[in-house]
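Shown below: work_36.txt, with compact mmCIF, C-alpha atoms (C1' of nucleotides) and all ligand atoms.
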```txt
# COMPACT_ATOMS: atom_id res chain seq x y z
CA MET A 1 -24.51 -74.53 -213.57
CA THR A 2 -22.39 -76.38 -216.13
CA ALA A 3 -21.74 -80.06 -216.56
CA PRO A 4 -21.74 -81.94 -213.26
CA THR A 5 -18.33 -82.62 -211.80
CA HIS A 6 -17.41 -85.49 -209.54
CA GLU A 7 -16.99 -83.24 -206.54
CA GLN A 8 -18.98 -80.69 -204.66
CA GLU A 9 -18.73 -77.00 -205.40
CA PRO A 10 -15.43 -75.55 -204.16
CA ALA A 11 -15.34 -72.44 -202.02
CA SER A 12 -14.53 -69.34 -204.03
CA GLY A 13 -13.60 -65.77 -203.12
CA THR A 14 -12.97 -64.84 -199.53
CA ASP A 15 -15.22 -67.49 -198.03
CA ILE A 16 -12.21 -69.69 -198.40
CA ASP A 17 -11.38 -68.12 -195.07
CA ASP A 18 -14.66 -69.35 -193.64
CA GLU A 19 -13.93 -72.83 -194.84
CA VAL A 20 -10.42 -72.78 -193.40
CA LEU A 21 -11.80 -71.41 -190.16
CA GLY A 22 -14.18 -74.34 -189.93
CA LEU A 23 -11.45 -76.86 -190.67
CA LEU A 24 -9.23 -75.38 -187.99
CA ARG A 25 -12.04 -75.12 -185.43
CA ARG A 26 -12.86 -78.76 -185.97
CA ALA A 27 -9.30 -79.56 -184.86
CA ASP A 28 -9.33 -77.11 -181.95
CA GLN A 29 -6.99 -74.78 -183.76
CA ARG A 30 -7.19 -71.02 -184.10
CA TYR A 31 -7.23 -69.11 -187.34
CA THR A 32 -4.55 -66.64 -186.38
CA THR A 33 -3.29 -63.66 -188.32
CA GLY A 34 -0.21 -65.54 -189.45
CA ARG A 35 -2.31 -68.40 -190.73
CA ARG A 36 -4.61 -66.00 -192.56
CA LYS A 37 -1.64 -64.36 -194.23
CA LEU A 38 -0.37 -67.79 -195.19
CA VAL A 39 -3.66 -68.74 -196.84
CA ALA A 40 -3.73 -65.37 -198.59
CA ALA A 41 -0.23 -65.92 -199.95
CA LEU A 42 -1.16 -69.36 -201.27
CA GLN A 43 -4.24 -67.88 -202.91
CA GLU A 44 -2.10 -65.45 -204.89
CA GLY A 45 0.18 -67.93 -206.64
CA ASP A 46 -0.98 -69.59 -209.86
CA GLY A 47 0.56 -72.80 -208.65
CA PRO A 48 1.98 -74.39 -205.52
CA LEU A 49 4.52 -72.21 -203.71
CA THR A 50 7.80 -73.01 -202.00
CA ILE A 51 8.57 -71.72 -198.53
CA ASN A 52 10.83 -69.07 -200.01
CA GLN A 53 8.19 -67.99 -202.49
CA ILE A 54 5.76 -67.60 -199.60
CA LEU A 55 8.28 -65.54 -197.66
CA ASP A 56 8.83 -63.41 -200.76
CA VAL A 57 5.11 -62.77 -201.09
CA ASP A 58 4.80 -61.79 -197.41
CA ASP A 59 8.05 -60.92 -195.69
CA THR A 60 6.32 -60.32 -192.36
CA LEU A 61 6.06 -64.06 -191.88
CA ALA A 62 8.66 -65.97 -189.89
CA GLN A 63 10.12 -69.02 -191.57
CA SER A 64 9.68 -71.37 -188.63
CA SER A 65 6.08 -70.32 -188.16
CA VAL A 66 5.39 -70.81 -191.86
CA TYR A 67 6.71 -74.35 -191.65
CA ARG A 68 4.71 -75.09 -188.52
CA ASN A 69 1.48 -73.54 -189.75
CA LEU A 70 1.69 -75.22 -193.12
CA MET A 71 2.02 -78.50 -191.28
CA ILE A 72 -1.07 -77.73 -189.21
CA LEU A 73 -3.04 -76.52 -192.21
CA GLU A 74 -2.13 -79.74 -193.97
CA GLN A 75 -3.21 -81.91 -191.04
CA VAL A 76 -6.49 -80.03 -190.97
CA GLY A 77 -7.04 -80.58 -194.67
CA ALA A 78 -6.72 -77.00 -195.88
CA VAL A 79 -3.33 -77.30 -197.53
CA VAL A 80 -1.52 -79.92 -199.55
CA ARG A 81 2.21 -80.44 -199.58
CA ILE A 82 3.70 -81.26 -202.96
CA VAL A 83 7.15 -82.51 -203.86
CA THR A 84 8.14 -82.29 -207.51
CA ARG A 85 11.69 -82.82 -208.74
CA ASP A 86 13.84 -80.29 -206.93
CA GLU A 87 14.64 -80.25 -203.22
CA PHE A 88 11.97 -77.72 -202.27
CA ALA A 89 8.54 -78.77 -201.12
CA ARG A 90 5.62 -76.72 -202.41
CA TYR A 91 2.28 -75.97 -200.83
CA GLU A 92 -1.13 -75.15 -202.24
CA LEU A 93 -4.69 -74.90 -200.98
CA ALA A 94 -6.46 -78.24 -200.90
CA GLU A 95 -8.80 -79.01 -203.78
CA ARG A 96 -11.72 -78.84 -201.37
CA LEU A 97 -11.01 -75.08 -201.29
CA THR A 98 -10.19 -74.65 -204.95
CA GLU A 99 -10.79 -77.09 -207.78
CA HIS A 100 -9.37 -80.33 -209.04
CA HIS A 101 -6.39 -79.56 -211.24
CA HIS A 102 -2.94 -80.68 -212.27
CA HIS A 103 0.55 -79.28 -212.62
CA LEU A 104 2.89 -78.19 -215.36
CA ILE A 105 6.38 -78.83 -214.01
CA CYS A 106 9.21 -77.08 -215.82
CA THR A 107 12.26 -79.34 -215.74
CA SER A 108 14.42 -76.33 -216.57
CA CYS A 109 13.55 -73.68 -213.98
CA GLY A 110 11.58 -75.90 -211.61
CA ASP A 111 8.51 -73.69 -211.61
CA VAL A 112 5.10 -75.28 -211.22
CA ALA A 113 1.87 -73.95 -212.72
CA ASP A 114 -1.70 -75.18 -212.51
CA PHE A 115 -3.81 -76.49 -215.36
CA ALA A 116 -7.07 -78.37 -215.63
CA LEU A 117 -8.37 -81.08 -217.89
CA ASP A 118 -11.71 -81.39 -219.58
CA ASP A 119 -14.35 -82.97 -217.35
CA ARG A 120 -14.91 -85.63 -219.98
CA VAL A 121 -11.25 -86.62 -219.98
CA GLU A 122 -11.20 -86.63 -216.18
CA ALA A 123 -14.17 -88.97 -216.14
CA THR A 124 -12.56 -91.35 -218.62
CA LEU A 125 -9.36 -91.28 -216.64
CA ASP A 126 -11.07 -91.89 -213.31
CA ARG A 127 -12.87 -94.87 -214.75
CA ALA A 128 -9.67 -96.39 -216.11
CA LEU A 129 -7.84 -95.69 -212.88
CA HIS A 130 -10.45 -97.33 -210.70
CA LYS A 131 -10.42 -100.37 -212.93
CA ALA A 132 -6.65 -100.65 -212.72
CA ALA A 133 -6.74 -100.12 -208.96
CA ASP A 134 -9.37 -102.80 -208.45
CA THR A 135 -7.30 -105.47 -210.15
CA ALA A 136 -4.39 -104.47 -207.91
CA GLY A 137 -6.45 -104.54 -204.73
CA PHE A 138 -5.86 -100.86 -204.21
CA ALA A 139 -8.40 -98.46 -202.66
CA VAL A 140 -8.32 -95.17 -204.56
CA ASP A 141 -8.32 -91.87 -202.71
CA GLY A 142 -7.40 -89.67 -205.63
CA HIS A 143 -4.92 -89.15 -208.39
CA ARG A 144 -2.05 -86.86 -209.22
CA LEU A 145 -1.15 -85.97 -212.77
CA ASP A 146 1.85 -83.85 -213.68
CA LEU A 147 3.06 -82.67 -217.04
CA LEU A 148 6.84 -82.53 -217.35
CA GLY A 149 8.50 -80.27 -219.88
CA THR A 150 9.63 -76.71 -220.50
CA CYS A 151 7.63 -73.65 -219.56
CA GLY A 152 7.12 -70.57 -221.74
CA SER A 153 9.75 -68.48 -219.96
CA CYS A 154 12.38 -71.15 -220.56
CA ASP A 155 11.78 -71.38 -224.35
CA MET B 156 2.62 -107.55 -232.06
CA THR B 157 -0.30 -105.88 -230.34
CA ALA B 158 -1.69 -102.39 -230.76
CA PRO B 159 1.01 -99.84 -231.57
CA THR B 160 2.26 -97.82 -228.62
CA HIS B 161 3.59 -94.30 -228.77
CA GLU B 162 7.13 -95.41 -228.00
CA GLN B 163 9.67 -97.83 -229.35
CA GLU B 164 10.08 -101.33 -228.06
CA PRO B 165 11.67 -101.39 -224.59
CA ALA B 166 14.65 -103.59 -223.80
CA SER B 167 13.65 -106.78 -222.00
CA GLY B 168 15.54 -109.52 -220.20
CA THR B 169 19.26 -109.18 -219.63
CA ASP B 170 19.93 -106.97 -222.62
CA ILE B 171 18.91 -104.17 -220.30
CA ASP B 172 22.54 -104.44 -219.31
CA ASP B 173 23.59 -103.88 -222.91
CA GLU B 174 21.42 -100.81 -223.10
CA VAL B 175 22.78 -99.43 -219.82
CA LEU B 176 26.29 -100.17 -221.00
CA GLY B 177 25.68 -98.11 -224.12
CA LEU B 178 24.22 -95.23 -222.15
CA LEU B 179 27.20 -95.20 -219.81
CA ARG B 180 29.76 -95.53 -222.62
CA ARG B 181 28.19 -92.58 -224.39
CA ALA B 182 28.99 -90.53 -221.30
CA ASP B 183 32.49 -91.97 -220.85
CA GLN B 184 31.43 -93.93 -217.82
CA ARG B 185 32.18 -97.52 -216.94
CA TYR B 186 29.63 -100.20 -216.20
CA THR B 187 31.26 -101.42 -213.02
CA THR B 188 30.24 -104.33 -210.83
CA GLY B 189 28.59 -102.02 -208.33
CA ARG B 190 26.54 -100.37 -211.04
CA ARG B 191 25.50 -103.73 -212.45
CA LYS B 192 24.36 -104.86 -209.02
CA LEU B 193 22.43 -101.63 -208.69
CA VAL B 194 20.60 -102.17 -211.97
CA ALA B 195 19.90 -105.76 -210.97
CA ALA B 196 18.41 -104.63 -207.67
CA LEU B 197 16.16 -102.11 -209.41
CA GLN B 198 15.04 -104.83 -211.82
CA GLU B 199 13.83 -107.00 -208.95
CA GLY B 200 11.42 -104.55 -207.32
CA ASP B 201 7.89 -104.27 -208.64
CA GLY B 202 8.09 -100.51 -208.13
CA PRO B 203 10.62 -97.78 -207.46
CA LEU B 204 12.99 -98.55 -204.56
CA THR B 205 14.35 -96.40 -201.78
CA ILE B 206 18.03 -96.39 -200.94
CA ASN B 207 17.37 -98.58 -197.92
CA GLN B 208 15.33 -101.02 -199.97
CA ILE B 209 18.22 -101.27 -202.41
CA LEU B 210 20.66 -101.89 -199.57
CA ASP B 211 18.31 -104.55 -198.23
CA VAL B 212 18.22 -106.31 -201.57
CA ASP B 213 22.01 -106.25 -201.89
CA ASP B 214 23.90 -105.63 -198.67
CA THR B 215 27.26 -105.75 -200.40
CA LEU B 216 26.62 -102.24 -201.73
CA ALA B 217 27.95 -99.18 -199.92
CA GLN B 218 25.44 -96.43 -199.25
CA SER B 219 27.57 -93.59 -200.55
CA SER B 220 28.37 -95.48 -203.73
CA VAL B 221 24.70 -96.27 -204.26
CA TYR B 222 23.87 -92.59 -204.00
CA ARG B 223 26.66 -91.60 -206.36
CA ASN B 224 25.97 -94.30 -208.92
CA LEU B 225 22.24 -93.65 -208.94
CA MET B 226 23.04 -90.03 -209.67
CA ILE B 227 25.29 -91.05 -212.56
CA LEU B 228 22.79 -93.56 -213.91
CA GLU B 229 20.16 -90.85 -213.78
CA GLN B 230 22.34 -88.34 -215.65
CA VAL B 231 22.99 -91.00 -218.26
CA GLY B 232 19.29 -91.67 -218.67
CA ALA B 233 19.16 -95.20 -217.28
CA VAL B 234 17.46 -94.40 -213.99
CA VAL B 235 14.74 -92.04 -212.82
CA ARG B 236 14.56 -90.50 -209.39
CA ILE B 237 11.07 -90.29 -207.92
CA VAL B 238 9.85 -88.38 -204.90
CA THR B 239 6.43 -89.30 -203.59
CA ARG B 240 5.07 -88.16 -200.23
CA ASP B 241 7.53 -89.38 -197.62
CA GLU B 242 11.08 -88.15 -197.12
CA PHE B 243 12.72 -90.97 -199.07
CA ALA B 244 13.53 -90.67 -202.73
CA ARG B 245 12.90 -93.72 -204.86
CA TYR B 246 14.65 -94.94 -208.00
CA GLU B 247 13.57 -97.06 -210.90
CA LEU B 248 14.86 -97.97 -214.34
CA ALA B 249 13.99 -95.38 -216.98
CA GLU B 250 11.03 -96.16 -219.21
CA ARG B 251 13.42 -96.49 -222.13
CA LEU B 252 14.57 -99.71 -220.45
CA THR B 253 11.18 -100.90 -219.25
CA GLU B 254 7.77 -99.62 -220.28
CA HIS B 255 5.62 -96.59 -219.71
CA HIS B 256 3.71 -97.05 -216.48
CA HIS B 257 2.38 -95.30 -213.40
CA HIS B 258 2.41 -95.69 -209.64
CA LEU B 259 0.10 -96.77 -206.88
CA ILE B 260 1.20 -94.81 -203.82
CA CYS B 261 -0.07 -96.10 -200.49
CA THR B 262 -0.65 -93.14 -198.19
CA SER B 263 -0.60 -95.50 -195.23
CA CYS B 264 2.66 -97.46 -195.52
CA GLY B 265 4.31 -95.34 -198.23
CA ASP B 266 4.95 -98.25 -200.54
CA VAL B 267 4.90 -97.65 -204.28
CA ALA B 268 3.86 -100.21 -206.91
CA ASP B 269 3.73 -100.06 -210.69
CA PHE B 270 0.64 -100.25 -212.83
CA ALA B 271 -0.15 -99.53 -216.46
CA LEU B 272 -3.09 -98.05 -218.27
CA ASP B 273 -4.78 -99.20 -221.43
CA ASP B 274 -3.08 -97.89 -224.57
CA ARG B 275 -6.36 -96.33 -225.62
CA VAL B 276 -6.64 -94.37 -222.40
CA GLU B 277 -3.02 -93.30 -222.65
CA ALA B 278 -3.64 -92.00 -226.15
CA THR B 279 -6.71 -90.04 -225.07
CA LEU B 280 -4.81 -88.66 -222.14
CA ASP B 281 -1.79 -87.65 -224.21
CA ARG B 282 -4.02 -85.84 -226.66
CA ALA B 283 -5.76 -83.90 -223.90
CA LEU B 284 -2.48 -83.12 -222.20
CA HIS B 285 -0.86 -81.77 -225.34
CA LYS B 286 -3.86 -79.59 -225.97
CA ALA B 287 -3.76 -78.18 -222.45
CA ALA B 288 -0.01 -77.67 -222.68
CA ASP B 289 -0.27 -75.82 -225.96
CA THR B 290 -2.68 -73.25 -224.58
CA ALA B 291 -0.25 -72.71 -221.70
CA GLY B 292 2.80 -72.35 -223.93
CA PHE B 293 4.33 -75.43 -222.40
CA ALA B 294 6.50 -77.93 -224.29
CA VAL B 295 5.64 -81.45 -223.16
CA ASP B 296 8.36 -83.96 -222.38
CA GLY B 297 6.19 -86.52 -220.65
CA HIS B 298 3.67 -87.04 -217.93
CA ARG B 299 3.51 -88.53 -214.50
CA LEU B 300 0.37 -90.09 -213.11
CA ASP B 301 0.09 -91.42 -209.59
CA LEU B 302 -2.80 -93.09 -207.83
CA LEU B 303 -3.09 -92.22 -204.15
CA GLY B 304 -4.86 -94.53 -201.73
CA THR B 305 -4.44 -97.63 -199.64
CA CYS B 306 -2.65 -100.76 -200.78
CA GLY B 307 -3.85 -104.31 -200.26
CA SER B 308 -1.56 -105.01 -197.28
CA CYS B 309 -2.91 -101.97 -195.45
CA ASP B 310 -6.62 -102.96 -195.82
C1' DT C 311 54.29 -105.35 -215.68
C1' DC C 312 53.51 -100.76 -214.81
C1' DG C 313 51.37 -96.19 -214.68
C1' DG C 314 47.57 -93.32 -213.96
C1' DG C 315 42.98 -91.84 -214.28
C1' DG C 316 38.45 -93.67 -212.83
C1' DT C 317 35.93 -95.69 -208.93
C1' DT C 318 35.04 -96.81 -204.26
C1' DG C 319 33.50 -96.15 -199.43
C1' DA C 320 33.86 -94.29 -194.74
C1' DG C 321 33.11 -90.18 -192.87
C1' DA C 322 32.25 -85.09 -192.85
C1' DA C 323 29.58 -81.46 -194.52
C1' DC C 324 25.37 -79.63 -196.38
C1' DC C 325 20.77 -77.89 -196.13
C1' DG C 326 15.71 -78.29 -196.05
C1' DT C 327 12.95 -79.37 -192.44
C1' DT C 328 11.51 -80.24 -187.61
C1' DA C 329 11.88 -79.74 -182.52
C1' DT C 330 12.80 -76.67 -178.61
C1' DC C 331 11.46 -73.20 -175.35
C1' DA C 332 11.01 -68.71 -173.45
C1' DA C 333 8.32 -64.68 -174.69
C1' DT C 334 4.01 -63.24 -176.33
C1' DC C 335 -0.74 -63.36 -177.63
C1' DC C 336 -5.58 -64.19 -177.03
C1' DC C 337 -9.70 -66.25 -175.43
C1' DA C 338 -12.61 -66.97 -171.51
C1' DA C 339 -13.87 -66.74 -166.96
C1' DA C 340 -14.63 -63.74 -163.07
C1' DT D 341 -12.55 -54.67 -167.96
C1' DT D 342 -9.24 -57.33 -165.70
C1' DT D 343 -6.75 -61.39 -165.28
C1' DG D 344 -5.15 -66.24 -165.53
C1' DG D 345 -3.42 -69.66 -168.41
C1' DG D 346 -3.20 -72.41 -172.41
C1' DA D 347 -2.17 -71.68 -177.38
C1' DT D 348 0.94 -69.47 -180.61
C1' DT D 349 5.08 -67.37 -182.08
C1' DG D 350 9.91 -67.04 -183.70
C1' DA D 351 14.89 -67.33 -183.02
C1' DT D 352 17.66 -71.10 -182.66
C1' DA D 353 19.32 -75.82 -182.21
C1' DA D 354 18.85 -80.41 -183.69
C1' DC D 355 17.68 -83.84 -187.12
C1' DG D 356 18.33 -86.70 -191.17
C1' DG D 357 18.44 -87.67 -196.10
C1' DT D 358 21.61 -86.51 -199.43
C1' DT D 359 25.94 -84.77 -201.27
C1' DC D 360 30.86 -83.88 -200.88
C1' DT D 361 35.71 -85.18 -199.68
C1' DC D 362 39.76 -87.77 -200.23
C1' DA D 363 42.83 -91.52 -199.57
C1' DA D 364 42.83 -96.34 -200.96
C1' DC D 365 41.75 -99.30 -204.55
C1' DC D 366 40.67 -101.05 -209.10
C1' DC D 367 41.06 -101.56 -213.99
C1' DC D 368 42.22 -100.61 -218.61
C1' DG D 369 45.76 -99.50 -221.83
C1' DA D 370 50.53 -98.91 -223.14
MN MN E 401 -7.39 -85.26 -212.79
MN MN E 402 0.61 -92.54 -218.89
ZN ZN E 403 10.75 -72.90 -216.77
ZN ZN E 404 0.22 -99.76 -197.78
```

Let me see the file written as structure tokens.
Amino acid sequence: MTAPTHEQEPASGTDIDDEVLGLLRRADQRYTTGRRKLVAALQEGDGPLTINQILDVDDTLAQSSVYRNLMILEQVGAVVRIVTRDEFARYELAERLTEHHHHLICTSCGDVADFALDDRVEATLDRALHKAADTAGFAVDGHRLDLLGTCGSCD
Amino acid sequence: MTAPTHEQEPASGTDIDDEVLGLLRRADQRYTTGRRKLVAALQEGDGPLTINQILDVDDTLAQSSVYRNLMILEQVGAVVRIVTRDEFARYELAERLTEHHHHLICTSCGDVADFALDDRVEATLDRALHKAADTAGFAVDGHRLDLLGTCGSCD
DNA sequence: TCGGGGTTGAGAACCGTTATCAATCCCAAA
DNA sequence: TTTGGGATTGATAACGGTTCTCAACCCCGA
């Protein structure tokens, strides 16, 4: 064990499937083959994926089913939908299944990659955010932090 | 003067118009009445506004012109387009014309409000972000920090 | 005053996403 | 194992926010 984080241990390895199964069951949904392939595809990317990126990873998936199943997985709490700057939504596994992290958004090619901050910085940030939220009468659920700039492949 | 910030003094009051005028001139664009009304509408909101919110504020504006002029004002660097969670894009004056700030996004009603962090926290954050970006070979342009939760009007 | 390029705005087109629905799958009961 | 029926699938149509089109208009300069 390392320094304590503000959240419980995320599922790692293939028991992500178990966790997703539970989330779906709780909503009377089945963990079908297509949904398993979807979760597997999301697990591969090192950042949130667009629909087309998902279809590139697994071309046995049907576009309309991907859209529908991502919606269901989001409702269930297994997937998060992310909109950055371009017109394509991106999807990633919820932090409950992975770990709290943030995004490097390349304003040139549009690609999005994950990165994490030091726990100490996160703690400082959370404190400041809660303080700011309190004075605004805002109940905090979480935060979203993106870095905008140019990725390595774009010089 | 208070503690030094990491950016130059933002334009305040009605000389925002002067600044916008300069930005448009530099791109061989005119600062027409419609564009002035658009900037005025954005100045009124206490957060980024959707197209419909803009049309509500000033019903003399034509939708298609609002879309086109927001696009031009964004290219020129006077306006920033923001996409949160719902299907409506929002627009606000660029930080060059206002001040660096962040957003409270209500996941219930979708409304977005501005808030700012302490300069000290911003500095700590910037330092940590640059460090993380360096190790990822990412050139930082800026950051975006949103607070997700429930606003005061939504309990 | 006049000419002409920039701007406007109503409407059409675009395109990512969502809804439709018949065919199929899959669990559960018999 | 067989079978009935509700859930899921996937090709397709519909939807809606945004962008494009183009004729009318405006506005600056000669
Ligand atoms: Mn964080
Ligand atoms: Mn900041
Ligand atoms: Zn890039
Ligand atoms: Zn609200």

Skip stretch 315-322 of chain C itself and residues of its chain fewer than 5 positions away, then list as a PyMOL selection string all residues within 9 Å of it, counting only C-alpha atoms (C1' of nucleotides). (chain B and resi 184-185+187+217-220) or (chain D and resi 360-361+364-367)

Go ahead and find all residues with at least one atom no further than 12 Å from (18.2, -88.5, -190.7) in the file's coordinates, using all atoms listed in the file; report them as a compact mmCIF listing (two decimals) with C-alpha atoms (C1' of nucleotides), keeping the file's coordinate frame.
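As a result, out.txt now contains:
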```txt
# COMPACT_ATOMS: atom_id res chain seq x y z
CA GLU B 242 11.08 -88.15 -197.12
CA PHE B 243 12.72 -90.97 -199.07
C1' DG C 326 15.71 -78.29 -196.05
C1' DT C 327 12.95 -79.37 -192.44
C1' DT C 328 11.51 -80.24 -187.61
C1' DA D 354 18.85 -80.41 -183.69
C1' DC D 355 17.68 -83.84 -187.12
C1' DG D 356 18.33 -86.70 -191.17
C1' DG D 357 18.44 -87.67 -196.10
C1' DT D 358 21.61 -86.51 -199.43
```

Select the residues contacting ligand ZN 404 (chain E) at a distance of at most 9 Å, based on only C-alpha atoms (C1' of nucleotides) and all ligand atoms, then format the selection as number ranges by chain. A: 138; B: 260-267, 304-310

Write out as a ChimeraX atom specification each polymer residue whose atoms come within 12 Å of stretch 249-256 of chain B, counting all atoms listed in the file; drop sequence neighbours fewer than 4 positions from it. /A:132 /B:160-178,194,197-198,201-203,225,228-237,268-274,277,297-302

Could you save those same residues with C-alpha atoms as a short mmCIF file (atom, residue, chain, number, x, y, z; two decimals), in the coordinates of the input?
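As written to disk, part_28.cif reads:
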```cif
data_model
loop_
_atom_site.label_atom_id
_atom_site.label_comp_id
_atom_site.auth_asym_id
_atom_site.auth_seq_id
_atom_site.Cartn_x
_atom_site.Cartn_y
_atom_site.Cartn_z
CA ALA A 132 -6.65 -100.65 -212.72
CA THR B 160 2.26 -97.82 -228.62
CA HIS B 161 3.59 -94.30 -228.77
CA GLU B 162 7.13 -95.41 -228.00
CA GLN B 163 9.67 -97.83 -229.35
CA GLU B 164 10.08 -101.33 -228.06
CA PRO B 165 11.67 -101.39 -224.59
CA ALA B 166 14.65 -103.59 -223.80
CA SER B 167 13.65 -106.78 -222.00
CA GLY B 168 15.54 -109.52 -220.20
CA THR B 169 19.26 -109.18 -219.63
CA ASP B 170 19.93 -106.97 -222.62
CA ILE B 171 18.91 -104.17 -220.30
CA ASP B 172 22.54 -104.44 -219.31
CA ASP B 173 23.59 -103.88 -222.91
CA GLU B 174 21.42 -100.81 -223.10
CA VAL B 175 22.78 -99.43 -219.82
CA LEU B 176 26.29 -100.17 -221.00
CA GLY B 177 25.68 -98.11 -224.12
CA LEU B 178 24.22 -95.23 -222.15
CA VAL B 194 20.60 -102.17 -211.97
CA LEU B 197 16.16 -102.11 -209.41
CA GLN B 198 15.04 -104.83 -211.82
CA ASP B 201 7.89 -104.27 -208.64
CA GLY B 202 8.09 -100.51 -208.13
CA PRO B 203 10.62 -97.78 -207.46
CA LEU B 225 22.24 -93.65 -208.94
CA LEU B 228 22.79 -93.56 -213.91
CA GLU B 229 20.16 -90.85 -213.78
CA GLN B 230 22.34 -88.34 -215.65
CA VAL B 231 22.99 -91.00 -218.26
CA GLY B 232 19.29 -91.67 -218.67
CA ALA B 233 19.16 -95.20 -217.28
CA VAL B 234 17.46 -94.40 -213.99
CA VAL B 235 14.74 -92.04 -212.82
CA ARG B 236 14.56 -90.50 -209.39
CA ILE B 237 11.07 -90.29 -207.92
CA ALA B 268 3.86 -100.21 -206.91
CA ASP B 269 3.73 -100.06 -210.69
CA PHE B 270 0.64 -100.25 -212.83
CA ALA B 271 -0.15 -99.53 -216.46
CA LEU B 272 -3.09 -98.05 -218.27
CA ASP B 273 -4.78 -99.20 -221.43
CA ASP B 274 -3.08 -97.89 -224.57
CA GLU B 277 -3.02 -93.30 -222.65
CA GLY B 297 6.19 -86.52 -220.65
CA HIS B 298 3.67 -87.04 -217.93
CA ARG B 299 3.51 -88.53 -214.50
CA LEU B 300 0.37 -90.09 -213.11
CA ASP B 301 0.09 -91.42 -209.59
CA LEU B 302 -2.80 -93.09 -207.83
#
```

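Candidate residues D:DA347, D:DC362, D:DT342, D:DT352 were compared for distance to C:DT334, and the nearest is D:DA347, using all atoms listed in the file.
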